[in-house]
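Data block below; observations after.
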Amino acid sequence: MGRLKLQSGFEAVKGEECGTSCSKENSLACMINGEIGAVLAVMRRNVRWSGRYGDDQLDHSLIQSFKSLRKQLFSWRNPWHTIDPSLYLQPFLDVIRSDETGAPITGVALSSVYKILTLDVIDRNTVNVKDAMHLVVDAVTSCRFEVTDPASEEVVLMKILQVLLACVKSKALVLLSNQHVCTIVNACFRIVHQAGTKGELLQRIARHTMHELVRCIFSHLADIGHEECALVNGLDAVKREIGATNNDYAFGSKKLENGNNGSEFDGKPSPANLASNVSTVQVASGVEGNMIQAGSSHDDFSYDVHLTTEPFGVPCMVEIFHFLCSLLNVVEHVGMDPKLNTIAFDEDLPLFALGLIYSAMELGGPSMRHYPRLLSLIQDELFCNLMQFGLSRSPLILSMVCSIVLTLYENLRTELKLQLQAFFCCVILRHAQSRYGASYQQQEVAMEALVDFCQQSTFMVEMYANFDCDITCSNVFEDIANLLSKSAFPVNSQLSATHILALDGLIAVIQRIAERIGNGLASSEQAPLNIEEYTPFWTMKCDKYGDPNEWVPFVRCRKYIKRRLLIGADHFNHDPKKGLEFLQGAHLLPDKLDPKSVACFFRYTAGLDKNLIGDFLGNHDEFCVQVLHEFSGTFDFQDMNLDHALRLFLETFRLPGEAQKIQRVLEAFSERYYEQVPHILANKDAVLLLSYSLILLNTDQHNVQVKKKMTEEDFIRNNRSINGGNDLPREFLSELYQSICRNEIRTTPEKGVGFPEMTPSRWIYLMHKSKNTAPFIVSDSNAHIDHDMFAILSGPTIAAISVVFDHAEYEDVYETCIDGFLSVAKVSACLHLEDVLDDLVVSLCKFTNLLNPSFEELVLAFGEDTKARMATMAVFTIANTYGDYIRAGWKNILDCILQLHKVGLLPAHVATDTADESELFVDSEQGRPPIKSLPSVKMQSVGTMRRSAGLIGRVSQLLSLDTEEPRSQPTEQELAVYQSTLQTVQKCHIDSIFTESKFLQAESLVNLAQALIRAAGQSERGNSSLEDEDTAVFCLELLIAITLNNRDRIPLLWQGVYEHIAAVVQSTVLPCALVERAVFGLIQICQRLLPYKENLADELLRSLQLVLKLDAHVADAYCEHITQEVSRLVKANATHIRSQMGWHTITSLLSITARHPEASEAGFDALVFIMSDGTHLLPANYVLCVDAARQFAESRVGQAERSVHALDLMAGSLNCLVWWSQEAKQAMGEEEAAKSSQDIGEMWLRLMQGLRKVCLDQREEIRNHALLSLQKCLTGVDGINLPHGLWPQCFDHVIFTMLDDLLEIAQGHSQKDYRNMEGTLILAVKLLSKIFLRLLHDLSQTTFCKLWLGVLSRMEKYVKIKVRGKKSEKLHEVVPELLKNILLVMKTRGVLVHRSALGGDSLWELTWLHINNIAPSLQSEVFPNQNWEQSQPKQGEQGGSLVSDEASPIPSSEPVALEGGGTRS
């Protein structure tokens, strides 16, 4: 037990060579021989030793032993590890022990021993090494020598320290007993204490050696087997906590005594008892000084006697650590309070002790959790002392205390939960605030410590999970966060180191959160918490505190409950009844109140009014009495003195003023205390009486109005015979009296909100509470609850960083702040806290100075302003990196961009998109570049130099506001500054915001677009200056760029973009860059998106109708360019335009250009592209394209060839109808084919009507070509299955109407307007004849009589027409000939025959009635054998109606017959 796990000595030697070279053995022998010679040489210099030299009989035993060793030294041939070290160490040790030797001789002997130990001559495999090491320790710690001068004495003491340290560093340390290791430490400490009166060098060496000893000893703690721990602790189950009233080990009670001014020690080490052994260890000193002696008056140490003789192990370390902790009690022993004096006590010893403890914790800390004795020392005695010294006025002590606590946190935080809470609340947070009287140095040290803690990866997470989410603990995380944020604010003062430290702490917390988030979010979006049913909140426990899946929801639920309890406490403070009702509604109290739940609410809820609690508990109501007893039952008074228990009890509420209430409260307390501590007091009545007595004593001692104070004797006398008729022990009452006199029992609540002071009673309660507290939750590197933490931190952090950034003057502080801003941005984005990110962006934008209205005058200042440039880069870094989560912040970012645009600092490619180059340029035939930044060219006329090419122009504009006066050239410095500004802007990568917008989340993208629209709208509503227009154009360009870059998400943007462009188009009455960019941007969007968004094609194309709404002046200015772009759109996307509505928009735009001199060519070119070969003609666009072609045919803009071409396009489109008809016949069913035939027939009729209109054109060539085209289309319908009723419509609406209109034109217009109308009329009447004959068979199946009479009527009119005032001979010849031909065909086909019937033959009669008016001879020519007299109509019937009864079958929907048999459409 108590020894390290060692390899076997045989195994260690086994690896070595069997034979050792003689040279090595001889060299070691020579070395020892040399050391012998050195000692003898120094001894012979002394008269005492030199007088006997040469006479062996008279040699002193010391010299004789050296001579004897010399004789044997070179005769040893065996390996040195087989030789007993005592043989060659003993002479040196005898010299060290001798009181006859002087300091020089002792010093040389010590040096020799040190040399032998450090040369590894002795190791744990050496024979009898254990006894040899014990001899060395005993000899050195019992060193005796004559003091001749102070210098030589210090040399000897330093060499003693060397040898002791060598023993501890030796490989044979593990063979030393616990007793001897303790002896080494005690001897070293005694030298440290004596060195206080010696030289500076000895003091430093002694302290350094002490540190090294402690480090070496505790470095072995991790190597000691855990089974030893169990054995040590099994010796006495009672002695498991060192911090109890009686201490376990001998170093526990140290007293300051005066040393002796002598040259030798009194007494020898006693092996029987570790305490008595240490007490006799003395180091001679020639100067009087203080020394620490260890003594023990305890009777419970018998079991430790065995442990002291065991090899080096845990008992030794426990003893030493207890000794180190006890050093901190020196201040108490000498009656000095560090809290009451600035530096009123000697800080040297506490600093030294704290340093030693820190050294022990550094190396042994991680392993101390495995040894309950060490752990108990740390939990109670050490931490209690740390709390005490933490309130020291010495910044050095405070700093060391904080370092130790940081080490304890790193290694043992799971065992120190409540101790850590107390340290932060009672030490760190108190010192860090000036209102508690801490000096600036203390504040700075406390803040530094806090920052160190915040730098730990999981510190703040664990503070939040363990304390803020624990109902019974304070909100340590929130307190630290509030302290850091408030301390970073330089209120009415310049920045100080404390402000920067606080900022570092805040940023460290945020950066740790960012790091954890970088490791991956442990959970997705959190579900809202809600408590559905009542569960006693004080009994909540987690099943697995080590499993994040268990403890994370557990702590969140506890935090929710804690917040609800605070709300309930606020309600309770205003109205207790309503407060309890609120908690019942929140399911934190049962629907039917019970005493237990109300008592726990009072006991564990912070923020309650203690006066109200006291009144409630003191009430005589039965329920209140029950609550009082349950309330007192929540306290644990075991092993607690009465005064401590009473203090603890009365701290939770204010004792009522009424005597009856006080009695009820104290009775409940007395009953509980006696139940748990029945040892001294006989019954609960004795507790009650003594409690009353203590309260009276407290009032007497601490009330300034009481002049005559109660003495101790008075107090003892007043409490006679109260313990069941007997007196209480005088010592017991005296201790209570002294305790009350020293520390007042506060029966009123402390004023103000702050951090409490740790009192002895509170510490005792803390130690009791720590036994039952929930386990310490250790967080891993994942972001489990960082969302909740950051929600608390974000606002104060942004505010604090902003204030420091605003007040900072040095670049390193700027960088710190920027790092903080970026960390906040990262966390906000990762946690999807858009509001936080927006607030951050707003704050940062203010520091860019870009929002300054006079920024244009300050561009050069911006180049020299490091803060503004860094803020600008940070803003755009956030925009590029975390743009997905920016919402309202886009407005501020755009304001910055627009300001940079105004002064010409933006790169030229900011408003571009990422389309393929193939999409950006038209083909070589078009030869026009795309419209992307036209306004930037147009805006060169603004009149400012910011658009001037080159750097000189820009800078010169910035250097002079008066454009009337000549500008001076910028200096080299100004150029350098301006160049730096440009580089800053380039590093911002502003263009990436828009070119990479396709990666933005939908909501962020929509907000960006809305911000652009608002910014553009504000510029439009401004004073309409050119600069404002430039801004509006730039915003529009950016809006178009992001629209094009987000073609896959166009539904998100389209409505807003369209409405904005529509507002621009409809509000503009004069040509300008803005409306130009709006129109061409709209067309560009359609060009680029139509191939990808067929479902939006109609909506996109419908938007182009805005072009049709342009003001006439605006439309005229841009008509040519608009047509070119529409042409490009059609050529690139004709296959993607499928709806009639879309084609209606396209053809409307093209039709408008027909009469525009500059635009008609491009418009017609697009129409040709659509209609040529029928490639892009569709049923949806057929009629529209025909109508557009008609308008181009009728247009007199351009050459006649274009009109002819347009007519050819119309005529050629007939082929499409033929194709569609055939396809329908083959692919469709009968019903569908009929429907398709009907649709095709209507399209054909519209084509005929279009050609009919062109037949009326003034130009002879066009008019005649139109007639020929019409004839071609009328005769080329063989492949089209036209409905039967369509031909009558065609005759009525097309042929007859055209003939009538031509006749009217010929009669009503001059030859100058319509040249050669005679020829056109001949063509028209020939067309009539030809079509009638071609369709004779089909027409005979319909209302033939009406059609035939209409033909006769037109021929009659045409033969009688007068052209230029006289009849047309050509028509007079052509019409009868055509009519004769018709009659012959009709005769041949049996259509026109004379039928004798009862009712007469009206068709026959009416036919010849008309023919006789045209050419009477035709009757005999066509029907030469007919008896015409009988068939002649009466003269009275001439001029009558030509419409026979057979016209009646004409449907009512047919055109009404006019006089002469004609109809008008």
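Naming works like this for the structure tokens: A, B, ... for the chains as they're shown, residue 1 at the start of each chain, ligands 1 onward in shown order.
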Skipping near chain neighbours, those fewer than 6 positions away, what residues fall within 8 Å of Leu1214 of chain A using only C-alpha atoms, listed as a PyMOL selection string? chain A and resi 1244+1273+1276
Using only C-alpha atoms, determine which residues lie at most 7 Å from segment 993-1007 of chain A, disregarding the query and same-chain residues fewer than 3 positions distant; provide the list as a PyMOL selection string. chain A and resi 879-880+883-888+890+913-914+990+1010-1011+1041-1042+1045-1046+1052-1053
Please report the interatomic distance between atom CA of Ala783 of chain A and atom CA of Glu834 of chain A in Å with one decimal.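 Going from atom CA of Ala783 of chain A over to atom CA of Glu834 of chain A, I get 18.3 Å.
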For Leu1149 of chain A, find every residue with an atom within 9 Å (counting only C-alpha atoms), except residues of its own chain fewer than 4 positions away, and show them as a PyMOL selection string. chain A and resi 1104-1105+1107-1108+1122-1123+1126+1144-1145+1153+1163
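For the residues A:Val174, A:Leu858, A:Ala569, A:Leu1282, ranking by smallest atom-to-atom distance to Lys1235 of chain A using only C-alpha atoms places A:Leu1282 first.
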Would you pick out the contacts of Ser632 of chain A at 7 Å or less, using only C-alpha atoms, so that residues sharing its chain but fewer than 5 positions from it are not included, and give the list as number ranges by chain? A: 668-669, 672
Selection file, C-alpha atoms, as a compact mmCIF listing (two decimals), in the first residue's frame:
# COMPACT_ATOMS: atom_id res chain seq x y z
CA ALA A 668 -41.69 25.42 13.91
CA PHE A 669 -37.95 26.10 13.73
CA ARG A 672 -37.27 20.95 13.12
